[in-house]
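What follows is one structure encoded as C-alpha cells, with my remarks underneath.
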Amino acid sequence: MRKIAFTNQKGGVGKTTSTINTGAGLSKLGYRVLLIDMDPQANLTYSLKTHSDKLNKNIYHVLKGTSEVSDIVIKHDEFDILPASIELSGADMELVNEPARENLLKDALREVEGSYDFVLLDCPPNLGLLTLNAFTASDELIIVLQSEYLALHGLSKLMDLIKIVQKRLNPDLKVEGIVCTLYDKRKNLNREVVGHIRDYFGKKVFDTVIRDNIALAEAPSHHKTIFEYDGDSYGAKDYMMLAKEIRNGY
Ligand SMILES: Nc1ncnc2c1ncn2[C@@H]1O[C@H](COP(=O)(O)OP(=O)(O)OP(=O)(O)O)[C@@H](O)[C@H]1O
Ligand SMILES: [Mg+2]
C-alpha cells in the first residue's frame with residue numbers, strides 16, 4: 001500500500017485536481033484506490049458524487065477519535081473517499097492538546113492497511129497540523145507546482161517542513177516527485193518556468209506535465225473525474241500518463 005500526499009502550501013496550483021484524477025487513473029489501471037480529503041475547503045469531497053447525508057461524519061471525526069475510518073468511507077465508482085468538511089477548519093486549534101497530535105491520521109489508517117494499493121491524500125494550502133498529519137501518515141510526497149512565475153517561491157518553507165518531519169516524525173518519508181500543472185505550451189513563460197524547475201530539481205520532476213485543459217476545470221461541477229467527463233481530453237491523457245509514471249516508481 002503506497003500512501004502519497006499531494007502538497008504545496010500555495011493555493012490553487014492543482015493539488016485537488018491532481019489527487020482526484022491521478023487516483024482515477026490508477027483505478028483505471030486496475031488498482032484499489034482510497035482518496036483522503038485533508039482540506040477544510042473540502043473541494044475534493046464536493047468535486048465528486050458524494051452523498052451529503054453521509055457527510056455529517058467525516059475525516060474530522062476520525063481525527064478527533066469519535067469515528068472509525070469504516071464509519072465515514074464513501075464508495076465511488078472508481079475509488080473510495082474519506083470526505084472532509086468545514087468542521088476541519090478548527091482542527092489545528094482543537095487538537096492542539098491531543099497527545100501525539102501529528103500521528104492521528106497515521107494511527108487511524110492502520111484500520112485500512114492492506115485494503116488498498118494506493119492511498120492519495122489531498123493537502124490544504126498551508127503547513128498546519130492537517131498537513132503535518134498527512135506527511136506523517138504518508139510514505140511519499142508529490143509536490144504540485146503551477147507552471148507560472150513564482151512557482152518556486154515559498155518552496156523552501158515546504159522543504160524545511162519535510163526535513164523536520166523526516167527527522168522527528170516519519171524517517172521514511174520521501175519526495176516521490178514534482179508535477180508541473182496548468183501548463184500552456186503557447187506561453188513562453190510556462191516553458192521557461194518548467195525548464196527552470198527541471199534544472200533545479202532534475203530527475204525528481206515527472207516527465208508528464210499537466211496541460212491547462214478546460215475539461216479539467218469543468219469536470220468537478222459535474223461531479224465527475226476527467227475520465228468520466230471527457231476521456232479523450234488532454235487532461236485525461238496527462239493524468240493517465242502521470243498515473244503510469246507513479247505506478248512505475250522512481
Ligand atoms: N490542468 C488544469 N487545467 C485547467 N484548469 C485546472 C487545471 N488544474 C486545475 N485547474 C482548475 O484550477 C483551479 C485550482 O485547482 P485545484 O483546486 O486543483 O488547486 P488546489 O491546489 O487544490 O487549490 P487549493 O490550494 O485551494 O486547495 C480549479 O478551479 C481547477 O478546476
Ligand atoms: Mg485543493
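Chain labels follow the order of the C-alpha cells: the first chain is A, the next B, and so on; residue numbering restarts at 1 in every chain, and ligands are counted from 1 in their shown order.
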Which neighbours of A:Lys106 fall inside 9 Å, counting only C-alpha atoms, when residues of the same chain fewer than 2 positions from it are skipped, and could you give them as a list in words?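 The residues satisfying every condition are Glu102, Asn103, Leu104, Ala108, Leu109, Arg110, Asn133, Ala134, Thr136, Ala137 and Ser138 of chain A.
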Residues within 10 Å of ligand 1, counting only C-alpha atoms and all ligand atoms, as a count of residues only: 55
Please identify all polymer residues within 10 Å of A:Thr50, counting only C-alpha atoms, omitting same-chain residues fewer than 5 positions from it, and present them as a ChimeraX atom specification. /A:44-45,55,74-76,81,83,223
Apply DSSP to the backbone of this structure and, from stretch 80-232 of chain A, keep only the residues in strand (DSSP E); write these as a PyMOL selection string. chain A and resi 80-82+118-122+140-146+174-181
Only N, CA, C and O atoms, please: the residues just picked out, written as a PDB file, in the first residue's frame.
```pdb
ATOM      1  N   ASP A  80     -12.542   4.739  -3.297  1.00  0.00           N
ATOM      2  CA  ASP A  80     -13.213   5.084  -2.046  1.00  0.00           C
ATOM      3  C   ASP A  80     -12.725   6.462  -1.614  1.00  0.00           C
ATOM      4  O   ASP A  80     -11.624   6.890  -1.997  1.00  0.00           O
ATOM      5  N   ILE A  81     -13.539   7.147  -0.824  1.00  0.00           N
ATOM      6  CA  ILE A  81     -13.193   8.514  -0.404  1.00  0.00           C
ATOM      7  C   ILE A  81     -13.390   8.636   1.102  1.00  0.00           C
ATOM      8  O   ILE A  81     -14.412   8.181   1.635  1.00  0.00           O
ATOM      9  N   LEU A  82     -12.447   9.259   1.757  1.00  0.00           N
ATOM     10  CA  LEU A  82     -12.679   9.727   3.125  1.00  0.00           C
ATOM     11  C   LEU A  82     -12.926  11.226   3.026  1.00  0.00           C
ATOM     12  O   LEU A  82     -12.003  12.001   2.738  1.00  0.00           O
ATOM     13  N   PHE A 118      -3.227   2.057  -3.405  1.00  0.00           N
ATOM     14  CA  PHE A 118      -2.790   3.444  -3.320  1.00  0.00           C
ATOM     15  C   PHE A 118      -3.730   4.256  -2.433  1.00  0.00           C
ATOM     16  O   PHE A 118      -4.952   4.178  -2.597  1.00  0.00           O
ATOM     17  N   VAL A 119      -3.158   5.018  -1.515  1.00  0.00           N
ATOM     18  CA  VAL A 119      -3.924   5.988  -0.736  1.00  0.00           C
ATOM     19  C   VAL A 119      -3.376   7.355  -1.116  1.00  0.00           C
ATOM     20  O   VAL A 119      -2.183   7.619  -0.956  1.00  0.00           O
ATOM     21  N   LEU A 120      -4.232   8.204  -1.670  1.00  0.00           N
ATOM     22  CA  LEU A 120      -3.782   9.539  -2.097  1.00  0.00           C
ATOM     23  C   LEU A 120      -4.422  10.585  -1.195  1.00  0.00           C
ATOM     24  O   LEU A 120      -5.635  10.571  -0.973  1.00  0.00           O
ATOM     25  N   LEU A 121      -3.592  11.490  -0.679  1.00  0.00           N
ATOM     26  CA  LEU A 121      -4.080  12.490   0.273  1.00  0.00           C
ATOM     27  C   LEU A 121      -4.006  13.878  -0.344  1.00  0.00           C
ATOM     28  O   LEU A 121      -2.968  14.274  -0.870  1.00  0.00           O
ATOM     29  N   ASP A 122      -5.102  14.598  -0.256  1.00  0.00           N
ATOM     30  CA  ASP A 122      -5.170  15.972  -0.767  1.00  0.00           C
ATOM     31  C   ASP A 122      -4.931  16.932   0.401  1.00  0.00           C
ATOM     32  O   ASP A 122      -5.742  16.997   1.329  1.00  0.00           O
ATOM     33  N   GLU A 140       5.179   8.942   0.725  1.00  0.00           N
ATOM     34  CA  GLU A 140       5.689   9.706  -0.405  1.00  0.00           C
ATOM     35  C   GLU A 140       4.934  11.028  -0.531  1.00  0.00           C
ATOM     36  O   GLU A 140       3.752  11.098  -0.200  1.00  0.00           O
ATOM     37  N   LEU A 141       5.653  12.019  -1.032  1.00  0.00           N
ATOM     38  CA  LEU A 141       5.017  13.303  -1.321  1.00  0.00           C
ATOM     39  C   LEU A 141       5.157  13.592  -2.805  1.00  0.00           C
ATOM     40  O   LEU A 141       6.195  13.310  -3.410  1.00  0.00           O
ATOM     41  N   ILE A 142       4.111  14.181  -3.361  1.00  0.00           N
ATOM     42  CA  ILE A 142       4.215  14.751  -4.703  1.00  0.00           C
ATOM     43  C   ILE A 142       3.956  16.243  -4.554  1.00  0.00           C
ATOM     44  O   ILE A 142       2.905  16.662  -4.056  1.00  0.00           O
ATOM     45  N   ILE A 143       4.958  17.018  -4.930  1.00  0.00           N
ATOM     46  CA  ILE A 143       4.816  18.469  -4.839  1.00  0.00           C
ATOM     47  C   ILE A 143       4.212  18.966  -6.151  1.00  0.00           C
ATOM     48  O   ILE A 143       4.702  18.631  -7.238  1.00  0.00           O
ATOM     49  N   VAL A 144       3.130  19.707  -6.025  1.00  0.00           N
ATOM     50  CA  VAL A 144       2.403  20.192  -7.198  1.00  0.00           C
ATOM     51  C   VAL A 144       2.804  21.646  -7.432  1.00  0.00           C
ATOM     52  O   VAL A 144       2.656  22.491  -6.540  1.00  0.00           O
ATOM     53  N   LEU A 145       3.321  21.926  -8.611  1.00  0.00           N
ATOM     54  CA  LEU A 145       3.748  23.294  -8.924  1.00  0.00           C
ATOM     55  C   LEU A 145       3.001  23.803 -10.142  1.00  0.00           C
ATOM     56  O   LEU A 145       2.883  23.095 -11.152  1.00  0.00           O
ATOM     57  N   GLN A 146       2.516  25.006 -10.047  1.00  0.00           N
ATOM     58  CA  GLN A 146       1.887  25.633 -11.210  1.00  0.00           C
ATOM     59  C   GLN A 146       2.986  26.193 -12.097  1.00  0.00           C
ATOM     60  O   GLN A 146       3.949  26.787 -11.591  1.00  0.00           O
ATOM     61  N   LYS A 174       9.551  10.310   1.683  1.00  0.00           N
ATOM     62  CA  LYS A 174      10.420  10.817   0.616  1.00  0.00           C
ATOM     63  C   LYS A 174       9.604  11.624  -0.399  1.00  0.00           C
ATOM     64  O   LYS A 174       8.388  11.410  -0.536  1.00  0.00           O
ATOM     65  N   VAL A 175      10.305  12.523  -1.060  1.00  0.00           N
ATOM     66  CA  VAL A 175       9.651  13.264  -2.136  1.00  0.00           C
ATOM     67  C   VAL A 175       9.699  12.382  -3.373  1.00  0.00           C
ATOM     68  O   VAL A 175      10.760  12.130  -3.937  1.00  0.00           O
ATOM     69  N   GLU A 176       8.545  11.870  -3.747  1.00  0.00           N
ATOM     70  CA  GLU A 176       8.464  10.958  -4.900  1.00  0.00           C
ATOM     71  C   GLU A 176       8.658  11.732  -6.204  1.00  0.00           C
ATOM     72  O   GLU A 176       9.320  11.256  -7.111  1.00  0.00           O
ATOM     73  N   GLY A 177       8.102  12.931  -6.255  1.00  0.00           N
ATOM     74  CA  GLY A 177       8.251  13.675  -7.498  1.00  0.00           C
ATOM     75  C   GLY A 177       7.590  15.039  -7.434  1.00  0.00           C
ATOM     76  O   GLY A 177       6.907  15.380  -6.481  1.00  0.00           O
ATOM     77  N   ILE A 178       7.865  15.773  -8.505  1.00  0.00           N
ATOM     78  CA  ILE A 178       7.312  17.115  -8.645  1.00  0.00           C
ATOM     79  C   ILE A 178       6.505  17.122  -9.931  1.00  0.00           C
ATOM     80  O   ILE A 178       7.005  16.666 -10.963  1.00  0.00           O
ATOM     81  N   VAL A 179       5.290  17.601  -9.851  1.00  0.00           N
ATOM     82  CA  VAL A 179       4.479  17.650 -11.069  1.00  0.00           C
ATOM     83  C   VAL A 179       4.123  19.098 -11.394  1.00  0.00           C
ATOM     84  O   VAL A 179       3.710  19.865 -10.526  1.00  0.00           O
ATOM     85  N   CYS A 180       4.352  19.468 -12.639  1.00  0.00           N
ATOM     86  CA  CYS A 180       4.021  20.827 -13.106  1.00  0.00           C
ATOM     87  C   CYS A 180       2.630  20.796 -13.725  1.00  0.00           C
ATOM     88  O   CYS A 180       2.333  19.946 -14.567  1.00  0.00           O
ATOM     89  N   THR A 181       1.793  21.727 -13.305  1.00  0.00           N
ATOM     90  CA  THR A 181       0.399  21.736 -13.755  1.00  0.00           C
ATOM     91  C   THR A 181       0.064  23.041 -14.488  1.00  0.00           C
ATOM     92  O   THR A 181       0.864  23.978 -14.503  1.00  0.00           O
TER      93      THR A 181
END
```
With only C-alpha atoms and all ligand atoms as the atoms that count, which of A:Ala5, A:Val205, A:Ile226, A:Leu242 lies nearest to ligand 2?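 Looking only at the distances to ligand 2, the closest residue turns out to be A:Ala5.
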